[in-house]
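Enquirer: Sharing a structure below in structure tokens format, with a few things to ask.
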Amino acid sequence: MIVVTGAMGFIGSGFVSYLNQLGHQDLVVVDDFYQWKKEKNLTGKRVYEWVHRDLFMAYFEKVASQVEVVFHIGARTDTISDDVQIFNKLNLQYSKDVWSICARYSIPMIYASSAATYGDGSFGFNDDHDGLAKLVPLNAYAKSKHEFDIWALDQKNKPPHWYGLKFFNVYGPNEGHKGRMASVIFHAWHQIRETGQLNLFKSHRPDFKDGGQRRDFIYVKDVHEMMSNIYTKKPESGIYNVGTGTARTFEDLGKASFAALEIPAQINYIDTPADLRDKYQYHTEANMAKWIKAGLNLPSTPLETGVQDYIRNFLNPGKLL
């Protein structure tokens, strides 16, 4: 069996679909199944067992001998929240518990870290382990992910193969439930359809022009392939960036969204909300050298192609992945 936690979420639900396409149906999906705003993300998926996250550890102990690998994608991902207690419970301690069982039963574990752990980028975006302790995350969510990365590296008892994947700015189908935390592309689609215009945040730094803030945008379909690729090839265990290696501006993203809708671009710039300004990353760009050296496949979808596929084939017809 293959375990996927966070299976009703954005990346997890699409990954379940990806595994189904590869012929896998013996899937144990784990999530908070009382959160019905996300249940449509698993509609039509072929799975073996649905297990609520609060019951999963006891279940896992019973079936561990039958589990091939755990993809631990579930997490509380609200970058605005300051609720340290819930992050410690769901992101830090829960991940430690999954790790402990995987280590005891020699089960490979792939878990979701985050590029948010790099903070303002002052120390770069290099996934070498030696530099991780220097990083200063900007919010409680990122701190919880960073603390687990550090904890994992410090453990003597480890799963036989383990990978912490630092996801950069992922966009694509099945993110509609995320609200404010959904990708800029998702929000851009709504704005452009309703008003014919797009609002992006102004820059509050002199070294970035309005719309010149940069992100390493990666299409969720590429993320699914990279998750599968690292498990299949099993390089040296550790923490790996999952991005394209090329930063693009929000202006690029906005223009790509208008182009996908075949509407002339009209972009306005508004002040960044005060509660975001001191937590806002102006530049992210994954260093993919470690991934390449491990012989793994780089993502293949350019921003314009991914935005067009997402808008025309999923958002406009209202389809899920």
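A note on labels: chains of the structure tokens are A, B, ... as shown, every chain counts residues from 1, and ligands are counted from 1 in their shown order.
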Kindly provide the residues of stretch 162-270 of chain A that approach stretch 108-127 of chain A to within 9 Å, each paired with its closest atom pair and their distance in Å to one decimal, based on only C-alpha atoms, listed by chain and increasing number, as CSV.
Expert:
residue,atom,partner,partner_atom,distance
A:Trp162,CA,A:Met109,CA,4.8
A:Tyr163,CA,A:Ile110,CA,4.8
A:Gly164,CA,A:Tyr111,CA,5.1
A:Leu165,CA,A:Ser113,CA,5.1
A:Lys166,CA,A:Ser114,CA,4.1
A:Phe167,CA,A:Ser114,CA,4.8
A:Phe168,CA,A:Ala115,CA,5.0
A:Asn169,CA,A:Ala115,CA,7.8
A:Met227,CA,A:Ile110,CA,7.9
A:Ile230,CA,A:Ile110,CA,8.8
A:Tyr231,CA,A:Ile110,CA,7.7
A:Ile239,CA,A:Asp127,CA,6.4
A:Tyr240,CA,A:Asp127,CA,5.7
A:Asn241,CA,A:Asp127,CA,6.0
A:Val242,CA,A:Ala115,CA,8.5
A:Gly243,CA,A:Ala115,CA,9.0
Enquirer: Could you write out that same residue set with C-alpha atoms as a compact mmCIF listing (two decimals), in the first residue's frame?
Expert:
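Result went into part12.txt, see below:
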# COMPACT_ATOMS: atom_id res chain seq x y z
CA TRP A 162 13.76 9.80 3.24
CA TYR A 163 13.32 13.06 1.36
CA GLY A 164 12.19 16.47 2.59
CA LEU A 165 10.93 18.36 -0.44
CA LYS A 166 11.11 22.14 -0.30
CA PHE A 167 8.22 23.07 -2.56
CA PHE A 168 8.53 26.49 -4.14
CA ASN A 169 5.51 28.41 -5.50
CA MET A 227 7.76 13.36 -6.17
CA ILE A 230 12.75 10.90 -6.40
CA TYR A 231 11.05 7.86 -4.88
CA ILE A 239 16.39 17.64 1.79
CA TYR A 240 15.83 18.70 -1.82
CA ASN A 241 14.48 21.80 -3.50
CA VAL A 242 11.47 21.29 -5.76
CA GLY A 243 11.28 24.22 -8.14
Enquirer: Give me the residues near stretch 53-62 of chain A as an MDAnalysis selection string, where near means some atom within 8 Å (using only C-alpha atoms) and where sequence neighbours in that chain fewer than 6 positions away do not count.
Expert: chainID A and resid 5 30:32 97:98 101
Enquirer: Filtering to C-alpha atoms, could you give me those residues as a PDB file, in the first residue's frame?
Expert:
ATOM      1  CA  THR A   5      -1.430  12.224   3.878  1.00  0.00           C
ATOM      2  CA  VAL A  30      -5.279  10.431   5.176  1.00  0.00           C
ATOM      3  CA  ASP A  31      -6.819  13.813   5.972  1.00  0.00           C
ATOM      4  CA  ASP A  32      -9.316  15.637   8.171  1.00  0.00           C
ATOM      5  CA  ASP A  97       5.188  10.522  14.728  1.00  0.00           C
ATOM      6  CA  VAL A  98       4.994   9.498  11.056  1.00  0.00           C
ATOM      7  CA  ILE A 101       6.873   4.592  12.580  1.00  0.00           C
TER       8      ILE A 101
END
Enquirer: Report the distance between atom CA of A:Val70 and atom CA of A:Ile2 in Å, rounded to one decimal place.
Expert: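 Separating atom CA of A:Val70 from atom CA of A:Ile2 is a distance of 6.1 Å.
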Enquirer: Can you list, as a VMD selection string, every protein, DNA or RNA residue that comes within 6 Å of stretch 278-292 of chain A when you count only C-alpha atoms, leaving out same-chain residues fewer than 2 positions away?
Expert: chain A and resid 120 125 to 126 138 213 to 216 243 245 to 247 276 294 to 296
Enquirer: Please provide the set of residues having any atom within 9 Å of A:Pro299, restricted to only C-alpha atoms, with same-chain residues fewer than 5 positions apart removed, written as a compact mmCIF listing (two decimals) with C-alpha atoms, in the first residue's frame.
Expert:
# COMPACT_ATOMS: atom_id res chain seq x y z
CA ILE A 218 6.17 25.51 -10.55
CA TYR A 219 3.16 23.71 -12.04
CA LYS A 221 1.77 18.45 -12.47
CA ASP A 222 5.57 18.84 -12.49
CA VAL A 223 5.60 18.51 -8.70
CA GLU A 225 6.27 13.85 -11.42
CA MET A 226 9.20 15.03 -9.27
CA VAL A 242 11.47 21.29 -5.76
CA GLY A 243 11.28 24.22 -8.14
CA THR A 244 12.12 25.16 -11.71
Enquirer: With distances taken over only C-alpha atoms, which residue among A:Gln25, A:Ser237, A:Thr301, A:Asn41 lies nearest A:Met8?
Expert: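 Of A:Gln25, A:Ser237, A:Thr301, A:Asn41, the one nearest A:Met8, counting only C-alpha atoms, is A:Asn41.
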